[in-house]
>>> print(open('target.txt').read())   # compact mmCIF, C-alpha atoms and all ligand atoms
# COMPACT_ATOMS: atom_id res chain seq x y z
CA MET F 1 6.00 30.25 19.87
CA LYS F 2 6.24 28.51 23.24
CA SER F 3 9.51 28.02 25.12
CA CYS F 4 10.98 24.62 25.93
CA GLN F 5 9.90 25.11 29.52
CA GLU F 6 6.28 25.77 28.54
CA ILE F 7 6.31 22.75 26.25
CA SER F 8 7.76 20.49 28.92
CA GLN F 9 4.89 21.51 31.18
CA LEU F 10 2.44 20.37 28.51
CA LEU F 11 4.15 17.03 27.83
CA GLY F 12 2.25 15.14 30.53
CA ARG F 13 -1.11 16.15 29.13
CA PHE F 14 0.13 15.58 25.58
CA VAL F 15 1.01 11.97 26.43
CA ALA F 16 -2.32 11.55 28.26
CA LEU F 17 -4.17 12.71 25.09
CA GLU F 18 -5.73 15.55 27.04
CA LEU F 19 -4.64 18.58 25.02
CA ALA F 20 -7.03 20.48 22.77
CA PRO F 21 -6.19 19.95 19.07
CA ASP F 22 -4.59 23.42 18.67
CA ALA F 23 -2.33 23.00 21.71
CA GLU F 24 -1.45 19.48 20.60
CA ALA F 25 -0.48 20.71 17.14
CA GLU F 26 1.79 23.27 18.76
CA VAL F 27 3.48 20.65 20.92
CA ARG F 28 3.92 18.33 17.93
CA ALA F 29 5.46 21.12 15.86
CA HIS F 30 7.86 21.96 18.68
CA LEU F 31 8.84 18.32 19.20
CA ALA F 32 9.54 17.96 15.50
CA ALA F 33 12.09 20.77 15.69
CA CYS F 34 13.57 20.50 19.21
CA SER F 35 15.83 17.57 20.06
CA HIS F 36 15.99 18.63 23.71
CA CYS F 37 12.21 18.28 24.28
CA ARG F 38 12.21 15.21 22.09
CA ALA F 39 14.67 13.51 24.41
CA ARG F 40 12.41 14.35 27.35
CA LEU F 41 9.47 12.77 25.59
CA ASP F 42 11.48 9.64 24.75
CA GLU F 43 12.35 9.39 28.43
CA ALA F 44 8.74 9.83 29.56
CA GLU F 45 7.00 7.70 26.92
CA PRO F 46 9.27 6.00 24.35
CA ILE F 47 6.34 4.61 22.38
CA VAL F 48 4.94 8.08 21.71
CA GLY F 49 8.44 9.12 20.67
CA MET F 50 8.45 6.17 18.28
CA ALA F 51 5.11 7.27 16.80
CA LEU F 52 6.49 10.74 16.11
CA ARG F 53 9.51 9.19 14.42
CA LEU F 54 7.22 7.05 12.26
CA ALA F 55 5.33 10.19 11.27
CA GLU F 56 8.59 11.72 10.06
CA VAL F 57 9.48 8.85 7.73
CA PRO F 58 9.00 10.43 4.31
CA VAL F 59 6.44 8.82 2.03
CA ALA F 60 8.37 7.66 -1.01
CA SER F 61 7.33 9.49 -4.15
CA ASP F 62 5.07 7.34 -6.26
CA PRO F 63 4.58 8.95 -9.67
CA GLY F 64 2.18 6.26 -10.90
CA PHE F 65 -0.17 6.51 -7.94
CA VAL F 66 -2.63 9.09 -9.27
CA ASP F 67 -2.77 7.44 -12.72
CA GLY F 68 -3.42 4.10 -11.03
CA VAL F 69 -6.39 5.58 -9.19
CA LEU F 70 -7.75 7.16 -12.39
CA ALA F 71 -7.38 3.85 -14.23
CA GLY F 72 -9.41 2.25 -11.44
CA VAL F 73 -12.04 4.97 -11.78
CA HIS F 74 -12.27 4.37 -15.54
CA GLN F 75 -12.62 0.66 -14.99
CA ARG F 76 -15.46 1.15 -12.51
CA ARG F 77 -17.14 3.49 -14.95
CA VAL F 78 -16.94 0.92 -17.74
CA GLU F 79 -18.23 -1.75 -15.38
CA GLN F 80 -21.20 0.38 -14.43
CA GLN F 81 -22.03 1.15 -18.04
CA LEU F 82 -21.72 -2.50 -18.99
CA ARG F 83 -23.88 -3.52 -16.07
CA ARG F 84 -26.59 -1.09 -17.15
CA ARG F 85 -26.35 -2.22 -20.76
CA PHE F 86 -26.28 -5.85 -19.79
CA ARG F 87 -29.30 -5.41 -17.57
CA SER F 88 -31.37 -4.00 -20.42
CA TRP F 89 -29.93 -6.55 -22.83
CA ALA F 90 -30.70 -9.36 -20.40
CA ALA F 91 -34.23 -8.05 -19.91
CA ALA F 92 -34.75 -7.94 -23.69
CA ALA F 93 -33.23 -11.40 -24.14
CA ALA F 94 -35.31 -12.81 -21.32
CA GLY F 95 -38.41 -11.33 -22.95
CA LEU F 96 -37.45 -12.81 -26.30
CA LEU F 97 -36.80 -16.23 -24.77
CA LEU F 98 -40.11 -16.10 -23.00
CA VAL F 99 -41.79 -15.39 -26.33
CA VAL F 100 -39.90 -18.22 -28.02
CA GLY F 101 -40.38 -20.44 -25.02
CA GLY F 102 -44.06 -19.64 -24.95
CA TYR F 103 -44.31 -20.47 -28.64
CA LEU F 104 -42.47 -23.77 -28.15
CA ALA F 105 -44.54 -24.48 -25.07
CA LEU F 106 -47.70 -23.92 -27.09
CA ARG F 107 -46.47 -26.25 -29.84
CA SER F 108 -45.27 -29.03 -27.56
CA GLY F 109 -48.27 -28.70 -25.31
CA GLY F 110 -46.53 -27.23 -22.27
CA GLY F 111 -43.44 -27.49 -20.04
CA GLY F 112 -39.73 -27.73 -20.52
CA VAL F 113 -38.38 -24.59 -22.07
CA GLU F 114 -39.06 -21.94 -19.45
CA PRO F 115 -35.78 -22.44 -17.51
CA LEU F 116 -33.83 -20.80 -20.37
CA GLY F 117 -35.43 -17.47 -19.63
CA SER F 118 -34.73 -17.73 -15.93
CA GLN F 119 -31.10 -18.64 -16.63
CA VAL F 120 -30.51 -15.37 -18.36
CA ALA F 121 -32.29 -13.49 -15.61
CA ALA F 122 -30.23 -15.29 -12.96
CA SER F 123 -26.97 -14.35 -14.64
CA GLU F 124 -27.72 -10.68 -14.27
CA GLU F 125 -24.76 -10.29 -11.96
CA ALA F 126 -21.80 -7.99 -12.08
CA PRO F 127 -19.83 -8.65 -15.26
CA PHE F 128 -16.10 -9.11 -14.71
CA VAL F 129 -14.19 -6.43 -16.52
CA GLU F 130 -10.56 -6.05 -17.40
CA VAL F 131 -9.26 -2.90 -18.93
CA GLU F 132 -5.96 -3.46 -20.67
CA GLY F 133 -4.09 -0.38 -21.70
CA GLU F 134 -6.22 2.26 -23.37
CA GLY F 135 -7.92 0.14 -25.98
CA VAL F 136 -9.57 -3.14 -25.35
CA THR F 137 -11.95 -4.32 -22.70
CA VAL F 138 -12.48 -7.98 -22.05
CA TYR F 139 -15.44 -9.05 -20.00
CA GLN F 140 -17.46 -12.10 -19.34
CA PHE F 141 -20.39 -13.22 -17.30
CA ALA F 142 -20.85 -16.67 -15.93
CA PRO F 143 -24.19 -17.30 -14.23
CA ALA F 144 -23.64 -18.98 -10.91
CA SER F 145 -26.43 -21.42 -11.74
CA ASP F 146 -24.74 -22.98 -14.75
CA GLU F 147 -21.06 -22.86 -15.60
CA ALA F 148 -21.72 -24.02 -19.13
CA VAL F 149 -23.46 -20.75 -19.94
CA ALA F 150 -20.74 -18.12 -20.05
CA VAL F 151 -20.29 -15.27 -22.43
CA ALA F 152 -16.99 -13.61 -23.24
CA MET F 153 -16.71 -10.52 -25.35
CA ILE F 154 -13.98 -8.24 -26.56
CA ILE F 155 -15.06 -4.68 -27.02
CA ASP F 156 -13.44 -1.46 -28.09
CA PRO F 157 -14.73 0.95 -25.45
CA GLY F 158 -14.34 3.80 -27.91
CA LEU F 159 -17.01 2.24 -30.16
CA ALA F 160 -19.65 1.18 -27.72
CA LEU F 161 -19.26 3.37 -24.64
CA MET X 1 -8.48 39.97 -20.37
CA GLY X 2 -11.40 38.33 -18.67
CA ARG X 3 -11.24 35.60 -21.23
CA PHE X 4 -7.57 34.98 -20.60
CA ARG X 5 -8.14 34.66 -16.91
CA LEU X 6 -10.90 32.17 -17.49
CA LEU X 7 -8.65 30.08 -19.72
CA ALA X 8 -5.83 30.20 -17.21
CA ARG X 9 -8.13 29.02 -14.47
CA ALA X 10 -9.36 26.16 -16.57
CA VAL X 11 -5.80 25.02 -17.17
CA VAL X 12 -4.67 25.28 -13.56
CA SER X 13 -7.87 23.49 -12.49
CA GLY X 14 -7.17 21.73 -9.17
CA GLU X 15 -4.54 23.79 -7.41
CA GLY X 16 -5.69 26.72 -5.34
CA ARG X 17 -9.18 25.34 -4.84
CA ASP X 18 -10.12 23.94 -1.48
CA ASP X 19 -11.28 20.37 -0.90
CA ARG X 20 -14.92 21.36 -0.85
CA GLU X 21 -14.77 22.94 -4.31
CA LEU X 22 -12.79 20.01 -5.67
CA VAL X 23 -15.30 17.53 -4.26
CA GLY X 24 -18.13 19.52 -5.86
CA ALA X 25 -16.37 19.48 -9.24
CA SER X 26 -15.55 15.77 -8.88
CA ARG X 27 -19.20 15.01 -8.25
CA GLU X 28 -19.95 16.63 -11.60
CA GLY X 29 -17.52 14.16 -13.15
CA ASP X 30 -14.45 16.44 -13.30
CA GLU X 31 -11.59 13.94 -13.17
CA SER X 32 -8.83 16.53 -13.00
CA ALA X 33 -10.41 17.91 -9.82
CA PHE X 34 -10.51 14.41 -8.37
CA ALA X 35 -6.89 13.81 -9.44
CA GLU X 36 -5.94 16.91 -7.44
CA LEU X 37 -7.72 15.51 -4.38
CA VAL X 38 -5.77 12.27 -4.79
CA ARG X 39 -2.47 14.14 -5.08
CA ARG X 40 -3.31 16.18 -1.99
CA HIS X 41 -4.31 13.32 0.30
CA GLN X 42 -2.33 10.35 -0.97
CA ALA X 43 0.60 10.67 1.43
CA GLY X 44 -1.52 10.47 4.60
CA VAL X 45 -3.71 7.68 3.26
CA ARG X 46 -0.71 5.65 2.09
CA ARG X 47 1.16 6.13 5.36
CA CYS X 48 -1.88 5.18 7.40
CA ALA X 49 -2.50 2.03 5.34
CA ALA X 50 1.18 1.14 5.57
CA ARG X 51 1.16 1.45 9.37
CA ILE X 52 -1.91 -0.76 9.66
CA LEU X 53 -0.77 -3.37 7.15
CA ASN X 54 2.99 -3.16 7.58
CA ASP X 55 3.39 -4.02 3.90
CA GLN X 56 4.22 -1.30 1.40
CA GLU X 57 2.87 -3.08 -1.67
CA GLU X 58 -0.42 -4.04 -0.07
CA ALA X 59 -0.73 -0.57 1.45
CA ARG X 60 -0.38 0.97 -2.01
CA ASP X 61 -3.14 -1.24 -3.42
CA ILE X 62 -5.42 -0.49 -0.49
CA ALA X 63 -4.77 3.25 -0.71
CA GLN X 64 -5.60 3.26 -4.45
CA LEU X 65 -8.70 1.20 -3.86
CA ALA X 66 -9.75 3.65 -1.13
CA PHE X 67 -9.62 6.53 -3.61
CA VAL X 68 -11.56 4.57 -6.23
CA LYS X 69 -14.22 3.78 -3.62
CA ALA X 70 -14.28 7.42 -2.60
CA TRP X 71 -14.93 8.37 -6.24
CA GLU X 72 -17.74 5.83 -6.49
CA ASN X 73 -19.37 7.09 -3.30
CA LEU X 74 -18.90 10.84 -3.74
CA ALA X 75 -22.66 11.30 -3.89
CA ARG X 76 -22.89 9.88 -0.37
CA TYR X 77 -20.10 12.03 1.09
CA ASP X 78 -21.43 14.11 3.99
CA ALA X 79 -19.88 17.58 3.76
CA SER X 80 -20.03 18.03 7.53
CA TRP X 81 -17.04 15.66 7.65
CA SER X 82 -13.63 16.83 6.54
CA PHE X 83 -12.79 15.12 3.26
CA SER X 84 -9.57 13.69 4.68
CA THR X 85 -11.40 12.14 7.65
CA TRP X 86 -13.83 10.50 5.24
CA LEU X 87 -10.92 9.16 3.17
CA TYR X 88 -9.21 7.84 6.28
CA ARG X 89 -12.43 6.05 7.18
CA ILE X 90 -12.65 4.31 3.81
CA ALA X 91 -8.95 3.42 3.77
CA THR X 92 -8.91 2.26 7.39
CA ASN X 93 -11.89 -0.03 6.91
CA LEU X 94 -10.29 -1.56 3.81
CA ALA X 95 -6.96 -2.00 5.58
CA ILE X 96 -8.56 -3.59 8.65
CA ASP X 97 -10.50 -6.00 6.42
CA ALA X 98 -7.33 -6.92 4.54
CA LEU X 99 -5.48 -7.46 7.80
CA ARG X 100 -8.23 -9.71 9.15
CA ALA X 101 -8.29 -11.71 5.92
CA ARG X 102 -4.53 -12.07 6.09
CA SER X 103 -4.43 -13.19 9.72
CA SER X 104 -7.10 -15.83 9.10
CA ARG X 105 -5.03 -17.04 6.12
CA GLU X 106 -1.96 -17.20 8.35
CA ARG X 107 -3.87 -19.12 10.99
CA VAL X 108 -4.95 -21.62 8.37
CA HIS X 109 -1.43 -22.15 7.10
CA GLY X 110 0.10 -21.95 10.57
CA ALA X 111 2.77 -19.62 9.24
CA HIS X 112 2.70 -16.90 11.85
CA LEU X 113 6.23 -15.61 11.75
CA ARG X 114 7.66 -14.14 14.89
CA LEU X 115 11.06 -12.57 14.65
CA VAL X 116 13.46 -12.70 17.53
CA GLY X 117 15.06 -9.48 18.73
CA GLU X 118 18.78 -8.92 18.35
CA ALA X 119 21.07 -9.59 21.25
CA VAL X 120 21.16 -6.73 23.75
CA GLY X 121 24.18 -4.58 23.01
CA PRO X 122 25.49 -1.27 24.30
CA THR X 123 24.11 0.52 27.33
CA ALA X 124 23.50 3.95 25.78
CA PRO X 125 19.92 4.36 24.43
CA ARG X 126 20.11 3.93 20.70
CA GLN X 127 18.42 6.36 18.39
CA LEU X 128 15.97 4.79 16.03
CA ALA X 129 17.02 5.42 12.47
CA GLU X 130 14.31 5.93 9.85
CA GLN X 131 14.38 2.56 8.15
CA GLU X 132 14.89 0.85 11.44
CA VAL X 133 11.90 2.43 13.12
CA GLN X 134 9.58 1.09 10.42
CA ARG X 135 11.01 -2.40 10.63
CA ILE X 136 10.91 -2.52 14.40
CA PHE X 137 7.42 -1.06 14.62
CA GLY X 138 6.21 -3.61 12.08
CA GLU X 139 7.61 -6.35 14.25
CA LEU X 140 6.20 -5.03 17.53
CA ALA X 141 2.80 -4.24 16.02
CA GLN X 142 2.13 -7.91 15.31
CA VAL X 143 0.73 -8.20 18.81
CA LEU X 144 -1.86 -5.45 18.21
CA THR X 145 -5.42 -6.11 17.11
CA PRO X 146 -6.40 -4.52 13.78
CA THR X 147 -8.41 -1.83 15.58
CA GLN X 148 -5.56 -1.04 17.96
CA ARG X 149 -3.21 -0.70 15.00
CA ALA X 150 -5.63 1.63 13.27
CA ALA X 151 -6.20 3.75 16.39
CA PHE X 152 -2.46 4.03 16.98
CA ALA X 153 -1.70 4.86 13.34
CA LEU X 154 -4.39 7.53 13.11
CA ARG X 155 -4.10 9.12 16.55
CA GLU X 156 -0.40 8.84 17.34
CA VAL X 157 1.31 8.73 13.97
CA GLU X 158 -1.00 10.77 11.73
CA GLY X 159 -1.91 13.08 14.61
CA LEU X 160 -5.67 13.15 13.98
CA SER X 161 -7.68 14.43 16.94
CA THR X 162 -9.43 11.95 19.20
CA GLY X 163 -12.77 13.17 17.79
CA GLU X 164 -11.66 12.55 14.20
CA VAL X 165 -10.41 9.07 15.00
CA ALA X 166 -13.74 8.34 16.68
CA GLN X 167 -15.47 9.33 13.40
CA VAL X 168 -13.10 7.16 11.37
CA LEU X 169 -13.52 4.10 13.56
CA GLY X 170 -17.19 4.70 14.28
CA CYS X 171 -16.80 4.55 18.06
CA SER X 172 -16.73 6.92 21.04
CA GLU X 173 -13.78 9.12 21.98
CA ALA X 174 -13.37 7.16 25.23
CA THR X 175 -13.04 3.96 23.19
CA VAL X 176 -10.42 5.59 20.96
CA ARG X 177 -8.36 6.53 24.01
CA ASN X 178 -8.70 2.99 25.33
CA HIS X 179 -7.45 1.51 22.06
CA VAL X 180 -4.50 3.91 21.99
CA PHE X 181 -3.49 3.24 25.59
CA GLN X 182 -3.81 -0.50 25.13
CA ALA X 183 -1.73 -0.30 21.95
CA ARG X 184 0.95 1.71 23.74
CA ALA X 185 1.09 -0.75 26.65
CA ALA X 186 1.38 -3.74 24.31
CA LEU X 187 4.08 -2.02 22.22
CA ARG X 188 6.00 -1.08 25.36
CA ARG X 189 5.92 -4.69 26.54
CA GLU X 190 7.17 -5.94 23.17
CA LEU X 191 9.85 -3.27 22.96
CA SER X 192 11.20 -4.11 26.38
CA ALA X 193 11.16 -7.84 25.60
CA ARG X 194 12.78 -7.60 22.19
CA TYR X 195 14.70 -4.35 22.04
CA PRO X 196 15.47 -3.16 25.59
CA GLU X 197 18.40 -1.18 24.21
CA TYR X 198 15.89 1.28 22.74
CA LEU X 199 14.35 2.01 26.12
CA PRO X 200 15.61 4.84 28.31
CA ARG X 201 18.08 3.49 30.85
CA GLY X 202 15.77 3.86 33.86
CA ARG X 203 13.03 1.84 32.14
CA ARG X 204 14.97 -1.23 31.09
CA PRO X 205 14.00 -4.52 32.63
ZN ZN P 301 12.15 22.38 23.19
>>> encode(input="target.txt", output="structure tokens")
Amino acid sequence: MKSCQEISQLLGRFVALELAPDAEAEVRAHLAACSHCRARLDEAEPIVGMALRLAEVPVASDPGFVDGVLAGVHQRRVEQQLRRRFRSWAAAAAGLLLVVGGYLALRSGGGGVEPLGSQVAASEEAPFVEVEGEGVTVYQFAPASDEAVAVAMIIDPGLAL
Amino acid sequence: MGRFRLLARAVVSGEGRDDRELVGASREGDESAFAELVRRHQAGVRRCAARILNDQEEARDIAQLAFVKAWENLARYDASWSFSTWLYRIATNLAIDALRARSSRERVHGAHLRLVGEAVGPTAPRQLAEQEVQRIFGELAQVLTPTQRAAFALREVEGLSTGEVAQVLGCSEATVRNHVFQARAALRRELSARYPEYLPRGRRP
């Protein structure tokens, strides 16, 4: 434990950000407890004194914080699963449409239907997901290419995921 | 006996384990381990975001988002960094982005509010009370760039080392010191223009 005199000799280098981390931690701990040295610091560099005072403002307890983070984690997890599922679903649907499209193209003698398949492929973007409470997930995808093609679903995550 | 101990450890889960172990468990999908990491580091991350953004509500959202991003990117976490430094990096980047988005919004709407300091009162240097110091700092800090705010919050308020702040901001230690000194000079100017009563007597204009 350093004396006030030793600390006051370190204050100049503390303010100049020149102390090694250990020595700085010691000075900070002393300043937190000693109003005499604190007054010296305020005199020398009031803005650094202000920073120390800001550091002492207690962080208000926030009981919902951790649960909020975990809810966010769950939501991301659901989003990822949906994205994976949607990707395989979209691939299957695109394949199916290509088959149908190919069939129609054969019958009509070419052209016209192929864009359907590419629409589904183009909409393979991140689905928007909302988790409400524990139960229900609402999500929808709207391909940027065509606002008329949008899908909205309501899912019980317990069933599908 | 051995079985009991095992059960007890499973129940206690997070506490008593160091960050490294908790990160390892979180990577395996252990949410209770991750929840313990959040509990452990939330105060610093929230305070840092609050100092950069000067808005408690927004700071809370950013801090939560930082933890969610950390969870998503655990596989990419480099264990040669301290976990808290890595968290500060994620949170600081998010807060700086939010601040930039906000200031461009304010420019668009022309609603940059600038509060006027109170009339100069007594001659004795006033002590900054807790609530007051936050309000006044928020006011003064409007003149700082987002990076200066972040450097000041991390280095001066949170007390991270210059090396750690350099990691967080992705710049050199010399640049960190520059940001901090520039932030101090700008804050000193604002303080003496708006609140000279908080300056030591010999330093008042
Ligand atoms: Zn002392």
>>> residues_around(input="target.txt", residues="region 31-38 of chain F", least_positions_apart="6", cutoff="9 Å", atoms="only C-alpha atoms", output="count of residues only")
9
>>> interface_residues(input="target.txt", of="chain X", to="chain F", cutoff="6 Å", atoms="all atoms listed in the file", output="number ranges by chain")
X: 64, 68, 156-157, 200
>>> write_last_selection(input="target.txt", atoms="C-alpha atoms", output="mmCIF file, keeping the file's coordinate frame")
data_model
loop_
_atom_site.group_PDB
_atom_site.id
_atom_site.type_symbol
_atom_site.label_atom_id
_atom_site.label_comp_id
_atom_site.auth_asym_id
_atom_site.auth_seq_id
_atom_site.Cartn_x
_atom_site.Cartn_y
_atom_site.Cartn_z
ATOM 1 C CA GLN X 64 -5.600 3.260 -4.450
ATOM 2 C CA VAL X 68 -11.560 4.570 -6.230
ATOM 3 C CA GLU X 156 -0.400 8.840 17.340
ATOM 4 C CA VAL X 157 1.310 8.730 13.970
ATOM 5 C CA PRO X 200 15.610 4.840 28.310
#
>>> closest_residue(input="target.txt", among="F:Gly64, F:Arg87, F:Phe14, F:Val27", to="ligand ZN 301 (chain P)", atoms="all atoms listed in the file")
F:Val27
>>> residues_around(input="target.txt", residues="Pro205 (chain X)", least_positions_apart="2", cutoff="12 Å", atoms="only C-alpha atoms", output="PDB file with C-alpha atoms, in the coordinates of the input")
ATOM      1  CA  VAL X 120      21.160  -6.730  23.750  1.00  0.00           C
ATOM      2  CA  ARG X 188       6.000  -1.080  25.360  1.00  0.00           C
ATOM      3  CA  ARG X 189       5.920  -4.690  26.540  1.00  0.00           C
ATOM      4  CA  GLU X 190       7.170  -5.940  23.170  1.00  0.00           C
ATOM      5  CA  LEU X 191       9.850  -3.270  22.960  1.00  0.00           C
ATOM      6  CA  SER X 192      11.200  -4.110  26.380  1.00  0.00           C
ATOM      7  CA  ALA X 193      11.160  -7.840  25.600  1.00  0.00           C
ATOM      8  CA  ARG X 194      12.780  -7.600  22.190  1.00  0.00           C
ATOM      9  CA  TYR X 195      14.700  -4.350  22.040  1.00  0.00           C
ATOM     10  CA  PRO X 196      15.470  -3.160  25.590  1.00  0.00           C
ATOM     11  CA  GLU X 197      18.400  -1.180  24.210  1.00  0.00           C
ATOM     12  CA  TYR X 198      15.890   1.280  22.740  1.00  0.00           C
ATOM     13  CA  LEU X 199      14.350   2.010  26.120  1.00  0.00           C
ATOM     14  CA  PRO X 200      15.610   4.840  28.310  1.00  0.00           C
ATOM     15  CA  ARG X 201      18.080   3.490  30.850  1.00  0.00           C
ATOM     16  CA  GLY X 202      15.770   3.860  33.860  1.00  0.00           C
ATOM     17  CA  ARG X 203      13.030   1.840  32.140  1.00  0.00           C
TER      18      ARG X 203
END
>>> residues_around(input="target.txt", residues="region 169-172 of chain X", least_positions_apart="5", cutoff="10 Å", atoms="all atoms listed in the file", output="list of chain:residue names")
X:Tyr88, X:Arg89, X:Ile90, X:Thr92, X:Asn93, X:Thr147, X:Ala150, X:Ala151, X:Leu154, X:Thr162, X:Gly163, X:Glu164, X:Arg177, X:Asn178
>>> atom_distance(input="target.txt", atom1="CA of Arg100 (chain X)", atom2="CA of Gly44 (chain X)")
21.7 Å
>>> atom_distance(input="target.txt", atom1="CA of Ala183 (chain X)", atom2="CA of Gln148 (chain X)")
5.6 Å
>>> atom_distance(input="target.txt", atom1="CA of Asn73 (chain X)", atom2="CA of Ala90 (chain F)")
26.3 Å
>>> residues_around(input="target.txt", residues="Ala63 (chain X)", least_positions_apart="6", cutoff="8 Å", atoms="only C-alpha atoms", output="list in words")
Gln42, Val45, Arg46, Ala49 and Ala91 of chain X
>>> closest_residue(input="target.txt", among="X:Ile62, X:Leu74, X:Pro146, X:Ala186", to="Ala50 (chain X)", atoms="all atoms listed in the file")
X:Ile62
>>> residues_near_point(input="target.txt", point="(-4.0, -11.3, 13.4)", cutoff="9 Å", atoms="only C-alpha atoms", output="mmCIF file with C-alpha atoms, in the coordinates of the input")
data_model
loop_
_atom_site.group_PDB
_atom_site.id
_atom_site.type_symbol
_atom_site.label_atom_id
_atom_site.label_comp_id
_atom_site.auth_asym_id
_atom_site.auth_seq_id
_atom_site.Cartn_x
_atom_site.Cartn_y
_atom_site.Cartn_z
ATOM 1 C CA LEU X 99 -5.480 -7.460 7.800
ATOM 2 C CA ARG X 100 -8.230 -9.710 9.150
ATOM 3 C CA ALA X 101 -8.290 -11.710 5.920
ATOM 4 C CA ARG X 102 -4.530 -12.070 6.090
ATOM 5 C CA SER X 103 -4.430 -13.190 9.720
ATOM 6 C CA SER X 104 -7.100 -15.830 9.100
ATOM 7 C CA GLU X 106 -1.960 -17.200 8.350
ATOM 8 C CA ARG X 107 -3.870 -19.120 10.990
ATOM 9 C CA HIS X 112 2.700 -16.900 11.850
ATOM 10 C CA GLN X 142 2.130 -7.910 15.310
ATOM 11 C CA VAL X 143 0.730 -8.200 18.810
ATOM 12 C CA LEU X 144 -1.860 -5.450 18.210
ATOM 13 C CA THR X 145 -5.420 -6.110 17.110
ATOM 14 C CA PRO X 146 -6.400 -4.520 13.780
#
